[in-house]
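Reviewing the structure listed below.
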Amino acid sequence: QQGCDHRCTFCIIPFGRGNSRSFPETKIIKDCEYLVSIGFNEIVLTGVDLTSWGKDLNEKTSLGSLVRSILKKIKKLKRLRLSSLDPAEIDEDLLFVLKDEARLMPHLHLSIQHGADIILKRMKRRHLSKTLYKIIEKIKINRPDVVFGADFISGFPTETDENHRTLLKVINDLNICWGHVFPFSPRKGTPASRMPQVENHIKKNRSKEVRKACEKNAKTWLDKQVGSYANVLFENQHIGYSEHYAKVQVEDNIPSGSIQKVRVIKRVGLNLLSKIK
């Protein structure tokens, strides 16, 4: 999927890539089959606005239906993962697939951007804070072990200390672990670039606090994994990622691209140290 039909006030992407354009399901299935045939164990679906996939193809299709089709037609695919999702556009079919299909990884990355409603409105996002609480509750009902990541912009124009504290509360309430945090950077030609700006040193300090909030949640979750087992897809001989997107290290020499079951020994920073089962 390429492009975006929305016009968030901070984003220049639609002006460079145009409106949303979806690859047809037949091409995606064919590409996935090829990747599996040459040995790939995990595929990640990506897009500028991934949850809008299919709306330009057929009003009855959706990302959830695509995911279901991939997993149904490609039995040899061991793991399917999704990139950033718009929380306002997660469809019911995707929730059902998440519940029914273990090969869809229990790790969702949400394009949240902020937690204060006034800032979300000024960003022209399609969700408010209540949307976040509602969709995450639905996800957890369908797949209780899902771990969440999210994109956040800190220091958006007009953001106050109170707005910032609201964002930190939302991160804590929703237990966001894997944070992609960026201090606001104005892009020429966007509405946000013409709004009253937050001073750079304030943006920098707030970004650090947002990162720390996510890292605190991540460390708490990682600590709970000690003593448990995880299936890790190794990207090189010593490092890989679990189903929940936790970075895992082992001392053994593991074939790159393979999936191995490991036992978690301890947490080291934001990584897990493990041994082969």
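So you can find residues: chains in the structure tokens are A, B, ... in the order shown, residues in each start at 1, and ligands are numbered from 1 in order.
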
Segment 76-150 of chain A residues near segment 216-237 of chain A within 10 Å, closest pair each, using only C-alpha atoms, as a tab-separated table:
```
residue	atom	partner	partner_atom	distance
A:Arg79	CA	A:Leu233	CA	9.3
A:Val147	CA	A:Trp221	CA	8.8
A:Phe148	CA	A:Ala218	CA	9.6
A:Gly149	CA	A:Ala218	CA	9.6
```

| Members of segment 112-270 of chain A assigned strand (DSSP E or B) by DSSP, as a ChimeraX atom specification | /A:112-113,147-154,176-183,229-234,239-241,247-250,259-268

| task | Pull the alpha helix (DSSP H) assignments for segment 95-252 of chain A out of DSSP run on the backbone, and list those residues as a VMD selection string. | result | chain A and resid 95 to 100 117 to 123 129 to 142 161 to 174 200 to 225

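Near Phe15 of chain A, within a cut-off of 12 Å and counting only C-alpha atoms, sit the residues Gly3, Cys4, Asp5, His6, Arg7, Cys8, Thr9, Phe10, Cys11, Ile12, Gly18, Asn19, Ser20, Arg187, Lys188, Gly189 and Thr190 of chain A, with same-chain residues fewer than 3 positions away left out.
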
| message | Give me the residues near Asp56 of chain A as a PyMOL selection string, where near means some atom within 9 Å (using only C-alpha atoms) and where sequence neighbours in that chain fewer than 4 positions away do not count. | response | chain A and resi 20-22+52

I'd like a table as a tab-separated table: residues in segment 28-142 of chain A with an atom no more than 12 Å from segment 199-215 of chain A, each row giving the shortest atom pair and its distance in Å to one decimal, only C-alpha atoms counted, sorted by chain and rising residue number.
```
residue	atom	partner	partner_atom	distance
A:Gln113	CA	A:Val210	CA	11.3
A:His114	CA	A:Val210	CA	10.4
A:Gly115	CA	A:Val210	CA	11.3
```

| request: Find, counting only C-alpha atoms, the residue in A:Ile70, A:Val146, A:Ile265, A:Leu77 that gets nearest to Leu95 of chain A. | output: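 The answer is A:Val146, which sits nearest to Leu95 of chain A.
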
| To one decimal place, how far is atom CA of Ile259 of chain A from atom CA of Ile74 of chain A in Å? | 17.7 Å

Residue neighbourhood Ile29 of chain A, 12 Å, only C-alpha atoms, exclusion window fewer than 6 positions, as an mmCIF file with all heavy atoms, in the first residue's frame:
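Okay, result_1.cif is ready:
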```
data_model
loop_
_atom_site.group_PDB
_atom_site.id
_atom_site.type_symbol
_atom_site.label_atom_id
_atom_site.label_comp_id
_atom_site.auth_asym_id
_atom_site.auth_seq_id
_atom_site.Cartn_x
_atom_site.Cartn_y
_atom_site.Cartn_z
ATOM 1 N N PHE A 23 -1.884 -2.461 -3.522
ATOM 2 C CA PHE A 23 -1.537 -3.592 -4.361
ATOM 3 C C PHE A 23 -2.700 -4.581 -4.311
ATOM 4 O O PHE A 23 -3.273 -4.812 -3.245
ATOM 5 C CB PHE A 23 -0.261 -4.275 -3.860
ATOM 6 C CG PHE A 23 0.988 -3.477 -4.097
ATOM 7 C CD1 PHE A 23 1.677 -2.911 -3.040
ATOM 8 C CD2 PHE A 23 1.480 -3.314 -5.384
ATOM 9 C CE1 PHE A 23 2.831 -2.175 -3.248
ATOM 10 C CE2 PHE A 23 2.641 -2.584 -5.605
ATOM 11 C CZ PHE A 23 3.318 -2.006 -4.537
ATOM 12 N N LEU A 35 8.235 -15.581 -1.455
ATOM 13 C CA LEU A 35 9.129 -15.407 -0.311
ATOM 14 C C LEU A 35 9.189 -16.658 0.550
ATOM 15 O O LEU A 35 10.261 -17.063 1.011
ATOM 16 C CB LEU A 35 8.683 -14.200 0.521
ATOM 17 C CG LEU A 35 8.852 -12.838 -0.152
ATOM 18 C CD1 LEU A 35 8.188 -11.750 0.672
ATOM 19 C CD2 LEU A 35 10.328 -12.523 -0.370
ATOM 20 N N VAL A 36 8.045 -17.287 0.756
ATOM 21 C CA VAL A 36 8.016 -18.524 1.536
ATOM 22 C C VAL A 36 8.780 -19.630 0.810
ATOM 23 O O VAL A 36 9.507 -20.411 1.428
ATOM 24 C CB VAL A 36 6.565 -18.949 1.826
ATOM 25 C CG1 VAL A 36 6.517 -20.353 2.442
ATOM 26 C CG2 VAL A 36 5.903 -17.947 2.769
ATOM 27 N N ILE A 43 6.799 -12.731 7.285
ATOM 28 C CA ILE A 43 6.515 -11.656 6.342
ATOM 29 C C ILE A 43 5.850 -10.518 7.103
ATOM 30 O O ILE A 43 5.018 -10.760 7.982
ATOM 31 C CB ILE A 43 5.602 -12.144 5.197
ATOM 32 C CG1 ILE A 43 6.388 -13.076 4.273
ATOM 33 C CG2 ILE A 43 5.015 -10.985 4.411
ATOM 34 C CD1 ILE A 43 5.551 -13.746 3.209
ATOM 35 N N LEU A 45 3.617 -7.063 6.560
ATOM 36 C CA LEU A 45 2.838 -6.224 5.643
ATOM 37 C C LEU A 45 3.068 -4.759 6.018
ATOM 38 O O LEU A 45 2.920 -4.380 7.177
ATOM 39 C CB LEU A 45 1.350 -6.551 5.750
ATOM 40 C CG LEU A 45 0.936 -7.976 5.384
ATOM 41 C CD1 LEU A 45 -0.583 -8.124 5.481
ATOM 42 C CD2 LEU A 45 1.412 -8.363 3.987
ATOM 43 N N LEU A 66 -7.630 -9.435 3.949
ATOM 44 C CA LEU A 66 -6.364 -9.756 3.290
ATOM 45 C C LEU A 66 -5.522 -10.673 4.173
ATOM 46 O O LEU A 66 -4.968 -11.676 3.706
ATOM 47 C CB LEU A 66 -5.586 -8.480 2.970
ATOM 48 C CG LEU A 66 -4.166 -8.690 2.442
ATOM 49 C CD1 LEU A 66 -4.187 -9.384 1.083
ATOM 50 C CD2 LEU A 66 -3.421 -7.354 2.350
ATOM 51 N N VAL A 67 -5.401 -10.319 5.444
ATOM 52 C CA VAL A 67 -4.621 -11.131 6.377
ATOM 53 C C VAL A 67 -5.186 -12.549 6.455
ATOM 54 O O VAL A 67 -4.442 -13.540 6.420
ATOM 55 C CB VAL A 67 -4.602 -10.473 7.776
ATOM 56 C CG1 VAL A 67 -4.018 -11.427 8.815
ATOM 57 C CG2 VAL A 67 -3.805 -9.176 7.744
ATOM 58 N N ARG A 68 -6.490 -12.645 6.555
ATOM 59 C CA ARG A 68 -7.133 -13.963 6.618
ATOM 60 C C ARG A 68 -6.831 -14.776 5.352
ATOM 61 O O ARG A 68 -6.540 -15.979 5.421
ATOM 62 C CB ARG A 68 -8.641 -13.804 6.784
ATOM 63 C CG ARG A 68 -9.371 -15.122 7.011
ATOM 64 C CD ARG A 68 -10.869 -14.918 7.122
ATOM 65 N NE ARG A 68 -11.238 -14.141 8.292
ATOM 66 C CZ ARG A 68 -11.341 -14.650 9.518
ATOM 67 N NH1 ARG A 68 -11.071 -15.934 9.718
ATOM 68 N NH2 ARG A 68 -11.697 -13.883 10.523
ATOM 69 N N SER A 69 -6.883 -14.112 4.202
ATOM 70 C CA SER A 69 -6.632 -14.794 2.936
ATOM 71 C C SER A 69 -5.198 -15.288 2.839
ATOM 72 O O SER A 69 -4.941 -16.417 2.391
ATOM 73 C CB SER A 69 -6.950 -13.849 1.776
ATOM 74 O OG SER A 69 -6.787 -14.489 0.536
ATOM 75 N N ILE A 70 -4.241 -14.456 3.241
ATOM 76 C CA ILE A 70 -2.828 -14.853 3.202
ATOM 77 C C ILE A 70 -2.602 -16.101 4.049
ATOM 78 O O ILE A 70 -1.976 -17.082 3.616
ATOM 79 C CB ILE A 70 -1.931 -13.702 3.694
ATOM 80 C CG1 ILE A 70 -1.934 -12.555 2.686
ATOM 81 C CG2 ILE A 70 -0.493 -14.190 3.927
ATOM 82 C CD1 ILE A 70 -1.234 -11.299 3.179
ATOM 83 N N LEU A 71 -3.107 -16.090 5.266
ATOM 84 C CA LEU A 71 -2.874 -17.206 6.183
ATOM 85 C C LEU A 71 -3.617 -18.463 5.747
ATOM 86 O O LEU A 71 -3.157 -19.588 5.996
ATOM 87 C CB LEU A 71 -3.286 -16.798 7.593
ATOM 88 C CG LEU A 71 -2.419 -15.697 8.212
ATOM 89 C CD1 LEU A 71 -3.025 -15.194 9.520
ATOM 90 C CD2 LEU A 71 -0.992 -16.194 8.450
ATOM 91 N N LYS A 72 -4.748 -18.287 5.095
ATOM 92 C CA LYS A 72 -5.516 -19.442 4.620
ATOM 93 C C LYS A 72 -4.859 -20.090 3.414
ATOM 94 O O LYS A 72 -4.803 -21.333 3.310
ATOM 95 C CB LYS A 72 -6.937 -18.997 4.269
ATOM 96 C CG LYS A 72 -7.825 -20.129 3.774
ATOM 97 C CD LYS A 72 -9.235 -19.623 3.449
ATOM 98 C CE LYS A 72 -10.121 -20.760 2.948
ATOM 99 N NZ LYS A 72 -11.497 -20.273 2.626
ATOM 100 N N LYS A 73 -4.335 -19.271 2.513
ATOM 101 C CA LYS A 73 -3.806 -19.785 1.252
ATOM 102 C C LYS A 73 -2.341 -20.208 1.338
ATOM 103 O O LYS A 73 -1.882 -20.992 0.499
ATOM 104 C CB LYS A 73 -3.980 -18.733 0.154
ATOM 105 C CG LYS A 73 -5.436 -18.453 -0.189
ATOM 106 C CD LYS A 73 -5.555 -17.392 -1.263
ATOM 107 C CE LYS A 73 -7.035 -17.126 -1.594
ATOM 108 N NZ LYS A 73 -7.196 -16.088 -2.634
ATOM 109 N N ILE A 74 -1.608 -19.673 2.309
ATOM 110 C CA ILE A 74 -0.182 -19.988 2.406
ATOM 111 C C ILE A 74 0.074 -20.692 3.733
ATOM 112 O O ILE A 74 0.506 -20.082 4.726
ATOM 113 C CB ILE A 74 0.678 -18.717 2.267
ATOM 114 C CG1 ILE A 74 0.238 -17.912 1.033
ATOM 115 C CG2 ILE A 74 2.161 -19.086 2.143
ATOM 116 C CD1 ILE A 74 0.947 -16.603 0.856
ATOM 117 N N LYS A 75 -0.212 -21.972 3.753
ATOM 118 C CA LYS A 75 -0.117 -22.752 4.989
ATOM 119 C C LYS A 75 1.307 -22.843 5.514
ATOM 120 O O LYS A 75 1.526 -23.004 6.720
ATOM 121 C CB LYS A 75 -0.662 -24.171 4.756
ATOM 122 C CG LYS A 75 -2.121 -24.234 4.297
ATOM 123 C CD LYS A 75 -3.063 -23.704 5.366
ATOM 124 C CE LYS A 75 -4.516 -23.913 4.937
ATOM 125 N NZ LYS A 75 -5.466 -23.360 5.940
ATOM 126 N N LEU A 77 3.544 -20.512 5.554
ATOM 127 C CA LEU A 77 4.014 -19.273 6.175
ATOM 128 C C LEU A 77 3.907 -19.404 7.693
ATOM 129 O O LEU A 77 2.819 -19.627 8.227
ATOM 130 C CB LEU A 77 3.187 -18.084 5.696
ATOM 131 C CG LEU A 77 3.489 -16.738 6.369
ATOM 132 C CD1 LEU A 77 4.944 -16.343 6.162
ATOM 133 C CD2 LEU A 77 2.557 -15.662 5.857
#
```

| With only C-alpha atoms as the basis for distance, which of A:Asp151, A:Ala88, A:Glu42, A:Val250 is at the shortest distance from Lys134 of chain A? |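 Looking at the shortest contact to Lys134 of chain A, the residue is A:Ala88.
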
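Rounded to one decimal, atom CA of Phe156 of chain A and atom CA of Gln2 of chain A lie 25.4 Å from each other.
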